[in-house]
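Coordinates from my_file-v9.cif are shown below (mmCIF, C-alpha atoms).
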```
data_my_file
#
loop_
_atom_site.label_atom_id
_atom_site.label_comp_id
_atom_site.auth_asym_id
_atom_site.auth_seq_id
_atom_site.Cartn_x
_atom_site.Cartn_y
_atom_site.Cartn_z
CA MET M 212 -18.08 228.12 3.08
CA ILE M 213 -20.66 230.90 2.71
CA GLY M 214 -24.25 229.79 3.08
CA PRO M 215 -24.79 226.67 0.96
CA PHE M 216 -21.76 227.35 -1.26
CA MET M 217 -18.48 225.55 -0.61
CA ASN M 218 -16.50 227.87 -2.89
CA GLU M 219 -16.86 230.26 -5.82
CA VAL M 220 -16.95 227.36 -8.28
CA ASP M 221 -19.95 225.88 -6.47
CA LEU M 222 -21.68 229.27 -6.51
CA ALA M 223 -21.00 229.97 -10.19
CA ALA M 224 -22.30 226.52 -11.15
CA ARG M 225 -25.72 227.57 -9.82
CA ILE M 226 -25.92 230.76 -11.91
CA ASP M 227 -27.44 231.39 -15.33
CA HIS M 228 -25.58 234.44 -16.62
CA THR M 229 -28.55 236.37 -18.00
CA ARG M 230 -28.61 239.12 -20.61
CA LEU M 231 -32.12 239.83 -21.87
CA SER M 232 -32.17 243.62 -22.10
CA PRO M 233 -33.88 244.96 -25.23
CA ASP M 234 -30.78 246.86 -26.36
CA LEU M 235 -28.37 243.91 -26.17
CA THR M 236 -25.71 244.05 -28.89
CA LEU M 237 -23.33 241.49 -30.35
CA GLU M 238 -20.52 243.09 -28.36
CA ASP M 239 -22.59 242.61 -25.18
CA LEU M 240 -23.14 238.99 -26.17
CA ARG M 241 -19.43 238.42 -26.73
CA ARG M 242 -18.65 239.82 -23.28
CA THR M 243 -21.41 237.71 -21.71
CA CYS M 244 -19.99 234.50 -23.18
CA GLU M 245 -16.46 235.43 -22.11
CA GLU M 246 -17.63 236.12 -18.55
CA ALA M 247 -19.54 232.85 -18.43
CA LEU M 248 -16.41 230.96 -19.43
CA ARG M 249 -14.16 232.90 -17.06
CA TYR M 250 -16.35 232.39 -14.01
CA GLY M 251 -17.74 228.95 -14.85
CA PHE M 252 -21.43 229.82 -14.90
CA ALA M 253 -23.90 227.03 -15.62
CA ALA M 254 -25.35 228.77 -18.66
CA VAL M 255 -25.93 231.99 -20.49
CA CYS M 256 -29.56 233.04 -20.92
CA ILE M 257 -29.86 235.28 -23.96
CA PRO M 258 -32.40 236.42 -26.59
CA PRO M 259 -33.28 233.88 -29.30
CA CYS M 260 -31.72 235.99 -32.06
CA TYR M 261 -28.27 235.48 -30.51
CA VAL M 262 -28.45 231.74 -29.84
CA GLU M 263 -26.51 230.71 -32.93
CA GLU M 264 -23.67 233.14 -32.20
CA ALA M 265 -23.51 232.12 -28.55
CA ALA M 266 -23.49 228.44 -29.48
CA ARG M 267 -20.56 229.10 -31.82
CA ARG M 268 -18.61 230.92 -29.11
CA LEU M 269 -19.35 228.28 -26.45
CA GLN M 270 -18.97 225.19 -28.64
CA GLY M 271 -17.29 222.38 -26.74
CA GLU M 272 -17.50 224.22 -23.42
CA SER M 273 -19.43 223.26 -20.29
CA VAL M 274 -21.45 226.49 -20.32
CA ALA M 275 -24.90 225.81 -21.78
CA VAL M 276 -26.68 228.15 -24.16
CA GLY M 277 -30.14 229.02 -22.87
CA THR M 278 -32.86 231.22 -24.29
CA VAL M 279 -36.47 232.21 -23.79
CA ILE M 280 -39.69 231.21 -25.53
CA GLY M 281 -42.88 233.28 -25.59
CA PHE M 282 -40.97 236.03 -23.82
CA PRO M 283 -41.86 238.07 -21.85
CA LEU M 284 -45.68 237.92 -21.76
CA GLY M 285 -46.52 234.41 -22.98
CA TYR M 286 -49.32 235.59 -25.28
CA GLN M 287 -47.99 233.95 -28.44
CA LEU M 288 -49.97 231.20 -30.12
CA LEU M 289 -48.82 227.70 -29.28
CA SER M 290 -47.82 227.20 -32.93
CA VAL M 291 -45.57 230.26 -32.72
CA LYS M 292 -43.97 229.05 -29.47
CA ILE M 293 -43.30 225.69 -31.09
CA VAL M 294 -41.51 227.37 -33.99
CA GLU M 295 -39.53 229.52 -31.55
CA ALA M 296 -38.46 226.45 -29.61
CA LEU M 297 -37.53 224.41 -32.68
CA GLU M 298 -35.49 227.26 -34.13
CA ALA M 299 -33.70 227.80 -30.83
CA VAL M 300 -32.78 224.12 -30.53
CA LYS M 301 -31.71 224.00 -34.18
CA HIS M 302 -29.33 226.90 -33.61
CA GLY M 303 -27.76 225.40 -30.50
CA ALA M 304 -29.89 226.14 -27.44
CA ARG M 305 -29.62 223.48 -24.73
CA GLU M 306 -31.98 225.11 -22.22
CA LEU M 307 -35.33 226.83 -22.86
CA ASP M 308 -37.36 229.00 -20.47
CA LEU M 309 -41.00 229.10 -21.59
CA VAL M 310 -43.46 231.79 -20.56
CA ILE M 311 -46.84 230.13 -20.30
CA HIS M 312 -50.17 231.75 -21.13
CA LEU M 313 -50.88 233.46 -17.82
CA GLY M 314 -54.43 234.38 -18.83
CA ALA M 315 -55.20 230.68 -19.17
CA VAL M 316 -53.76 230.10 -15.70
CA LYS M 317 -55.95 232.87 -14.26
CA MET M 318 -59.00 231.29 -15.93
CA GLY M 319 -58.15 227.91 -14.44
CA ALA M 320 -57.77 226.41 -17.93
CA GLY M 321 -55.56 223.58 -16.80
CA ASP M 322 -56.04 221.48 -19.93
CA ALA M 323 -54.83 224.32 -22.16
CA VAL M 324 -51.82 225.11 -19.99
CA ARG M 325 -50.89 221.46 -19.63
CA THR M 326 -51.27 220.93 -23.39
CA GLU M 327 -48.96 223.85 -24.13
CA MET M 328 -46.30 222.46 -21.82
CA ALA M 329 -46.64 218.91 -23.13
CA ARG M 330 -46.47 219.98 -26.79
CA LEU M 331 -43.33 221.99 -26.19
CA ARG M 332 -41.84 219.11 -24.21
CA SER M 333 -42.50 216.72 -27.08
CA VAL M 334 -40.95 218.88 -29.80
CA VAL M 335 -37.72 219.81 -28.00
CA GLY M 336 -36.71 216.27 -27.11
CA GLY M 337 -33.93 216.14 -24.53
CA THR M 338 -33.49 219.90 -24.33
CA LEU M 339 -34.02 221.19 -20.80
CA LEU M 340 -37.40 222.97 -20.65
CA ARG M 341 -38.44 225.23 -17.77
CA VAL M 342 -41.81 226.92 -17.30
CA ILE M 343 -41.84 230.57 -16.23
CA LEU M 344 -44.79 231.26 -13.93
CA GLU M 345 -44.37 235.04 -13.39
CA THR M 346 -45.32 234.51 -9.77
CA CYS M 347 -46.11 238.17 -9.05
CA TYR M 348 -49.34 237.77 -11.03
CA LEU M 349 -50.48 234.49 -9.50
CA THR M 350 -52.18 233.45 -6.29
CA ARG M 351 -50.78 230.72 -4.08
CA LYS M 352 -53.39 228.31 -5.41
CA GLU M 353 -52.53 229.17 -9.01
CA LYS M 354 -48.79 228.67 -8.42
CA ILE M 355 -49.41 225.22 -6.97
CA ALA M 356 -51.72 224.37 -9.86
CA VAL M 357 -49.11 225.34 -12.48
CA CYS M 358 -46.56 223.11 -10.76
CA ARG M 359 -49.02 220.23 -10.82
CA TRP M 360 -49.76 220.79 -14.52
CA ALA M 361 -46.03 220.96 -15.23
CA ARG M 362 -45.41 217.63 -13.51
CA GLU M 363 -48.33 216.09 -15.38
CA ALA M 364 -46.85 217.38 -18.65
CA GLY M 365 -43.53 215.70 -17.86
CA LEU M 366 -41.57 218.77 -16.83
CA ALA M 367 -39.17 218.83 -13.88
CA TRP M 368 -38.39 222.57 -13.80
CA VAL M 369 -40.28 225.76 -13.09
CA LYS M 370 -38.96 229.34 -12.95
CA THR M 371 -40.30 232.17 -10.82
CA SER M 372 -40.17 235.21 -13.08
CA THR M 373 -39.14 236.83 -16.35
CA GLY M 374 -37.56 239.79 -14.61
CA PHE M 375 -39.84 242.06 -16.64
CA GLY M 376 -42.88 241.88 -14.36
CA PRO M 377 -43.62 244.14 -11.38
CA GLY M 378 -42.10 241.62 -8.98
CA GLY M 379 -39.35 239.01 -9.03
CA ALA M 380 -38.31 235.98 -7.04
CA THR M 381 -39.08 235.71 -3.33
CA THR M 382 -37.91 233.08 -0.90
CA SER M 383 -41.50 232.25 0.01
CA ASP M 384 -42.35 231.60 -3.63
CA VAL M 385 -39.23 229.49 -4.16
CA ARG M 386 -40.09 227.42 -1.11
CA LEU M 387 -43.70 227.02 -2.27
CA LEU M 388 -42.71 226.00 -5.80
CA LYS M 389 -40.08 223.54 -4.59
CA ASN M 390 -42.59 221.87 -2.29
CA ALA M 391 -45.14 221.74 -5.12
CA MET M 392 -42.62 220.25 -7.58
CA GLY M 393 -41.51 217.59 -5.13
CA ARG M 394 -38.19 215.93 -4.43
CA GLU M 395 -37.35 215.36 -8.10
CA GLY M 396 -38.47 218.83 -9.18
CA HIS M 397 -36.35 221.95 -9.58
CA VAL M 398 -36.86 225.70 -9.27
CA LYS M 399 -34.99 228.46 -11.04
CA ALA M 400 -35.19 231.69 -9.08
CA ALA M 401 -35.00 234.80 -11.24
CA GLY M 402 -35.95 238.44 -11.03
CA GLY M 403 -34.32 240.93 -8.68
CA ILE M 404 -31.42 238.74 -7.52
CA ARG M 405 -28.63 241.29 -7.37
CA ASP M 406 -26.39 240.32 -4.45
CA LEU M 407 -24.86 237.37 -2.64
CA LYS M 408 -27.22 237.54 0.34
CA THR M 409 -30.25 237.17 -1.94
CA ALA M 410 -28.65 234.35 -3.93
CA VAL M 411 -27.87 232.48 -0.71
CA SER M 412 -31.44 232.91 0.54
CA MET M 413 -32.87 231.58 -2.73
CA VAL M 414 -30.75 228.44 -2.69
CA ARG M 415 -31.54 227.83 0.96
CA ALA M 416 -35.24 228.14 0.07
CA GLY M 417 -34.85 225.40 -2.53
CA ALA M 418 -33.65 226.97 -5.78
CA SER M 419 -31.45 224.74 -7.93
CA ARG M 420 -30.51 227.56 -10.26
CA ILE M 421 -30.26 231.35 -10.05
CA GLY M 422 -31.02 233.55 -13.05
CA THR M 423 -29.35 236.94 -12.76
CA SER M 424 -27.58 239.63 -14.75
CA ARG M 425 -25.39 240.27 -11.69
CA GLY M 426 -23.57 236.96 -11.63
CA VAL M 427 -20.11 238.45 -11.93
CA GLU M 428 -20.76 240.89 -9.10
CA ILE M 429 -22.20 238.12 -6.91
CA VAL M 430 -19.14 235.91 -7.39
CA LYS M 431 -16.82 238.84 -6.68
CA GLU M 432 -18.80 239.59 -3.51
CA PHE M 433 -18.37 235.95 -2.46
CA LEU M 434 -14.61 236.21 -2.97
CA ARG M 435 -14.41 239.41 -0.92
CA GLU M 436 -16.39 237.88 1.95
CA ARG M 437 -14.38 234.67 1.89
CA GLY M 438 -11.07 236.51 1.95
CA PRO M 439 -7.70 234.99 0.97
CA SER M 440 -7.86 231.23 0.46
#
```

Rewrite the structure of this file - the entire thing - as structure tokens.
Amino acid sequence: MIGPFMNEVDLAARIDHTRLSPDLTLEDLRRTCEEALRYGFAAVCIPPCYVEEAARRLQGESVAVGTVIGFPLGYQLLSVKIVEALEAVKHGARELDLVIHLGAVKMGAGDAVRTEMARLRSVVGGTLLRVILETCYLTRKEKIAVCRWAREAGLAWVKTSTGFGPGGATTSDVRLLKNAMGREGHVKAAGGIRDLKTAVSMVRAGASRIGTSRGVEIVKEFLRERGPS
């Protein structure tokens, strides 16, 4: 056992195998899906334009297809985000990570932020919906407020970061968000998680899921540290 992980299967089941680089190709997507199947990751997190292809490759498998909405800045109109979400679900996405309108958060426009979350929640049905806060831009008070608005909108998940901002996940933020979401709430830690030590610290802080492009390397590091079984 290393940290909170009993074995490599337990570790991989916490990881969203993420590929959101702007130059991602179909060959990259194919390799991402193959790696997710080989290592048993919880999901792939990929650009919306590749959801249909990923869903075809992962059909009937336990690996979920995830994608992003309003990515990476959250400035899109609510109507546009709704179309993005509906198209993603139609093409096979089972998990959606939504970037909220951060300007509205900074203005304290709770009704607008809550409405955005609730509308997306209502249109995607049973699809898992997470809210990306981009914590590096928010104060402690604002982070707690977003978690409260998320709960009020019927959401159980929040996510720390897009990975495209000036800062990523921190253990203090994960701990804060988990406390704010409560016992039934969940946190996905993402942004800058590149090694096993960081992944362990995030889960110990309260993260239910890890979003990283370094999932394969992290699992291999686990296996090296564990040694022969």

Just the residues within 8 Å of Ile404 in chain M, please, counting all atoms listed in the file, with nothing from its chain fewer than 2 positions along; format it as a VMD selection string.
-> chain M and resid 380 401 to 402 406 409 to 410 421 to 423 425

Explicit residue set for the PyMOL selection byres ((chain M and resi 237-239) around 12), as a list in words = Thr229, Arg230, Leu231, Ser232, Pro233, Asp234, Leu235, Thr236, Leu240, Arg241, Arg242, Thr243, Cys244, Glu245, Glu246, Ile257, Pro258, Cys260, Tyr261, Val262, Glu263, Glu264, Ala265, Arg268 and Ser424 of chain M

Please, what distance in Å, to one decimal, runs between CA of Pro439 in chain M and CA of Lys408 in chain M?
->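 Taking CA of Pro439 in chain M and CA of Lys408 in chain M, their separation equals 19.7 Å.
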
To one decimal place, how far is CA of Val335 in chain M from CA of Lys370 in chain M in Å?
->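 CA of Lys370 in chain M lies 17.9 Å from CA of Val335 in chain M.
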
Take CA of Ile355 in chain M and CA of Val316 in chain M and report the distance between them in Å, one decimal.
->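 We find that CA of Ile355 in chain M and CA of Val316 in chain M lie 10.9 Å from each other.
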
Need the shell around Gly319 in chain M: protein/DNA/RNA residues with any atom at most 12 Å away, counting only C-alpha atoms. Skip same-chain ones fewer than 6 positions apart. Format as a PDB file with C-alpha atoms, keeping the file's coordinate frame?
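After the write, part_39.pdb holds the following:
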```pdb
ATOM      1  CA  HIS M 312     -50.170 231.750 -21.130  1.00  0.00           C
ATOM      2  CA  LEU M 313     -50.880 233.460 -17.820  1.00  0.00           C
ATOM      3  CA  ARG M 325     -50.890 221.460 -19.630  1.00  0.00           C
ATOM      4  CA  LEU M 349     -50.480 234.490  -9.500  1.00  0.00           C
ATOM      5  CA  THR M 350     -52.180 233.450  -6.290  1.00  0.00           C
ATOM      6  CA  LYS M 352     -53.390 228.310  -5.410  1.00  0.00           C
ATOM      7  CA  GLU M 353     -52.530 229.170  -9.010  1.00  0.00           C
ATOM      8  CA  LYS M 354     -48.790 228.670  -8.420  1.00  0.00           C
ATOM      9  CA  ILE M 355     -49.410 225.220  -6.970  1.00  0.00           C
ATOM     10  CA  ALA M 356     -51.720 224.370  -9.860  1.00  0.00           C
ATOM     11  CA  VAL M 357     -49.110 225.340 -12.480  1.00  0.00           C
ATOM     12  CA  TRP M 360     -49.760 220.790 -14.520  1.00  0.00           C
TER      13      TRP M 360
END
```

Closest of M:Arg405, M:Leu284, M:Leu339, M:Ala418 to His228 in chain M - atom-to-atom distances counting all atoms listed in the file | M:Arg405

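Residues of protein, DNA or RNA having at least one counted atom within 12 Å of (-40.1, 240.3, -3.0), given all atoms listed in the file, are Thr346, Cys347, Thr371, Ser372, Gly374, Gly376, Pro377, Gly378, Gly379, Ala380, Thr381, Thr382, Ser383, Asp384, Val385, Ala400, Ala401, Gly402, Gly403, Ile404, Thr409, Ser412 and Met413 of chain M.
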
Export C-alpha atoms of the chosen residues as a PDB file, keeping the file's coordinate frame?
```pdb
ATOM      1  CA  THR M 346     -45.320 234.510  -9.770  1.00  0.00           C
ATOM      2  CA  CYS M 347     -46.110 238.170  -9.050  1.00  0.00           C
ATOM      3  CA  THR M 371     -40.300 232.170 -10.820  1.00  0.00           C
ATOM      4  CA  SER M 372     -40.170 235.210 -13.080  1.00  0.00           C
ATOM      5  CA  GLY M 374     -37.560 239.790 -14.610  1.00  0.00           C
ATOM      6  CA  GLY M 376     -42.880 241.880 -14.360  1.00  0.00           C
ATOM      7  CA  PRO M 377     -43.620 244.140 -11.380  1.00  0.00           C
ATOM      8  CA  GLY M 378     -42.100 241.620  -8.980  1.00  0.00           C
ATOM      9  CA  GLY M 379     -39.350 239.010  -9.030  1.00  0.00           C
ATOM     10  CA  ALA M 380     -38.310 235.980  -7.040  1.00  0.00           C
ATOM     11  CA  THR M 381     -39.080 235.710  -3.330  1.00  0.00           C
ATOM     12  CA  THR M 382     -37.910 233.080  -0.900  1.00  0.00           C
ATOM     13  CA  SER M 383     -41.500 232.250   0.010  1.00  0.00           C
ATOM     14  CA  ASP M 384     -42.350 231.600  -3.630  1.00  0.00           C
ATOM     15  CA  VAL M 385     -39.230 229.490  -4.160  1.00  0.00           C
ATOM     16  CA  ALA M 400     -35.190 231.690  -9.080  1.00  0.00           C
ATOM     17  CA  ALA M 401     -35.000 234.800 -11.240  1.00  0.00           C
ATOM     18  CA  GLY M 402     -35.950 238.440 -11.030  1.00  0.00           C
ATOM     19  CA  GLY M 403     -34.320 240.930  -8.680  1.00  0.00           C
ATOM     20  CA  ILE M 404     -31.420 238.740  -7.520  1.00  0.00           C
ATOM     21  CA  THR M 409     -30.250 237.170  -1.940  1.00  0.00           C
ATOM     22  CA  SER M 412     -31.440 232.910   0.540  1.00  0.00           C
ATOM     23  CA  MET M 413     -32.870 231.580  -2.730  1.00  0.00           C
TER      24      MET M 413
END
```

Could you expand the PyMOL selection byres ((chain M and resi 310) around 8) into the explicit residues it covers here, written as a PDB file with C-alpha atoms, in the coordinates of the input?
```pdb
ATOM      1  CA  VAL M 279     -36.470 232.210 -23.790  1.00  0.00           C
ATOM      2  CA  ILE M 280     -39.690 231.210 -25.530  1.00  0.00           C
ATOM      3  CA  GLY M 281     -42.880 233.280 -25.590  1.00  0.00           C
ATOM      4  CA  PHE M 282     -40.970 236.030 -23.820  1.00  0.00           C
ATOM      5  CA  PRO M 283     -41.860 238.070 -21.850  1.00  0.00           C
ATOM      6  CA  LEU M 284     -45.680 237.920 -21.760  1.00  0.00           C
ATOM      7  CA  GLY M 285     -46.520 234.410 -22.980  1.00  0.00           C
ATOM      8  CA  ASP M 308     -37.360 229.000 -20.470  1.00  0.00           C
ATOM      9  CA  LEU M 309     -41.000 229.100 -21.590  1.00  0.00           C
ATOM     10  CA  ILE M 311     -46.840 230.130 -20.300  1.00  0.00           C
ATOM     11  CA  HIS M 312     -50.170 231.750 -21.130  1.00  0.00           C
ATOM     12  CA  VAL M 342     -41.810 226.920 -17.300  1.00  0.00           C
ATOM     13  CA  ILE M 343     -41.840 230.570 -16.230  1.00  0.00           C
ATOM     14  CA  LEU M 344     -44.790 231.260 -13.930  1.00  0.00           C
ATOM     15  CA  GLU M 345     -44.370 235.040 -13.390  1.00  0.00           C
ATOM     16  CA  THR M 373     -39.140 236.830 -16.350  1.00  0.00           C
TER      17      THR M 373
END
```

List every protein, DNA or RNA residue with an atom no more than 7 Å from (-52.0, 228.3, -23.9) in the file's coordinates, counting all atoms listed in the file, and format the result as a list in words.
-> Leu289, Ile311, His312, Ala315, Ala323, Val324 and Glu327 of chain M

Proximity to Val369 in chain M - best of M:Met212, M:Ile429, M:Leu307, M:Met318, only C-alpha atoms |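 Checking each candidate against Val369 in chain M, we get M:Leu307 as the closest.
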
Because some atoms of range 355-374 of chain M are absent here, can you restore N, CA, C and O atoms and send them as a tab-separated table (two decimals), keeping the file's coordinate frame?
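The result, written out as out-v4.tsv:
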```tsv
chain	number	residue	atom	x	y	z
M	355	ILE	N	-49.42	226.66	-7.23
M	355	ILE	CA	-49.41	225.22	-6.97
M	355	ILE	C	-50.01	224.47	-8.14
M	355	ILE	O	-49.51	223.41	-8.55
M	356	ALA	N	-51.08	225.03	-8.72
M	356	ALA	CA	-51.72	224.37	-9.86
M	356	ALA	C	-50.78	224.28	-11.06
M	356	ALA	O	-50.69	223.24	-11.72
M	357	VAL	N	-50.05	225.37	-11.35
M	357	VAL	CA	-49.11	225.34	-12.48
M	357	VAL	C	-48.05	224.28	-12.27
M	357	VAL	O	-47.68	223.56	-13.20
M	358	CYS	N	-47.55	224.15	-11.06
M	358	CYS	CA	-46.56	223.11	-10.76
M	358	CYS	C	-47.14	221.72	-10.99
M	358	CYS	O	-46.47	220.84	-11.54
M	359	ARG	N	-48.38	221.52	-10.59
M	359	ARG	CA	-49.02	220.23	-10.82
M	359	ARG	C	-49.17	219.95	-12.31
M	359	ARG	O	-48.86	218.84	-12.78
M	360	TRP	N	-49.61	220.96	-13.07
M	360	TRP	CA	-49.76	220.79	-14.52
M	360	TRP	C	-48.41	220.53	-15.17
M	360	TRP	O	-48.31	219.74	-16.11
M	361	ALA	N	-47.36	221.18	-14.68
M	361	ALA	CA	-46.03	220.96	-15.23
M	361	ALA	C	-45.58	219.52	-15.01
M	361	ALA	O	-45.07	218.87	-15.92
M	362	ARG	N	-45.77	219.02	-13.79
M	362	ARG	CA	-45.41	217.63	-13.51
M	362	ARG	C	-46.20	216.68	-14.40
M	362	ARG	O	-45.65	215.72	-14.93
M	363	GLU	N	-47.49	216.95	-14.55
M	363	GLU	CA	-48.33	216.09	-15.38
M	363	GLU	C	-47.92	216.13	-16.85
M	363	GLU	O	-48.13	215.16	-17.59
M	364	ALA	N	-47.32	217.24	-17.27
M	364	ALA	CA	-46.85	217.38	-18.65
M	364	ALA	C	-45.44	216.82	-18.83
M	364	ALA	O	-44.89	216.86	-19.94
M	365	GLY	N	-44.85	216.31	-17.76
M	365	GLY	CA	-43.53	215.70	-17.86
M	365	GLY	C	-42.37	216.64	-17.65
M	365	GLY	O	-41.23	216.31	-18.00
M	366	LEU	N	-42.62	217.80	-17.07
M	366	LEU	CA	-41.57	218.77	-16.83
M	366	LEU	C	-41.07	218.69	-15.39
M	366	LEU	O	-41.86	218.48	-14.46
M	367	ALA	N	-39.78	218.90	-15.22
M	367	ALA	CA	-39.17	218.83	-13.88
M	367	ALA	C	-38.76	220.19	-13.36
M	367	ALA	O	-38.34	220.30	-12.20
M	368	TRP	N	-38.87	221.24	-14.19
M	368	TRP	CA	-38.39	222.57	-13.80
M	368	TRP	C	-39.47	223.63	-13.94
M	368	TRP	O	-40.22	223.63	-14.92
M	369	VAL	N	-39.50	224.54	-12.97
M	369	VAL	CA	-40.28	225.76	-13.09
M	369	VAL	C	-39.36	226.94	-12.74
M	369	VAL	O	-38.33	226.76	-12.09
M	370	LYS	N	-39.75	228.12	-13.17
M	370	LYS	CA	-38.96	229.34	-12.95
M	370	LYS	C	-39.90	230.42	-12.42
M	370	LYS	O	-41.05	230.53	-12.86
M	371	THR	N	-39.42	231.22	-11.50
M	371	THR	CA	-40.30	232.17	-10.82
M	371	THR	C	-40.77	233.31	-11.71
M	371	THR	O	-41.95	233.65	-11.70
M	372	SER	N	-39.86	233.91	-12.49
M	372	SER	CA	-40.17	235.21	-13.08
M	372	SER	C	-39.37	235.46	-14.36
M	372	SER	O	-38.31	234.85	-14.58
M	373	THR	N	-39.88	236.39	-15.17
M	373	THR	CA	-39.14	236.83	-16.35
M	373	THR	C	-38.12	237.91	-16.01
M	373	THR	O	-37.16	238.13	-16.75
M	374	GLY	N	-38.36	238.62	-14.92
M	374	GLY	CA	-37.56	239.79	-14.61
M	374	GLY	C	-38.13	241.06	-15.21
M	374	GLY	O	-37.62	242.16	-14.97
```
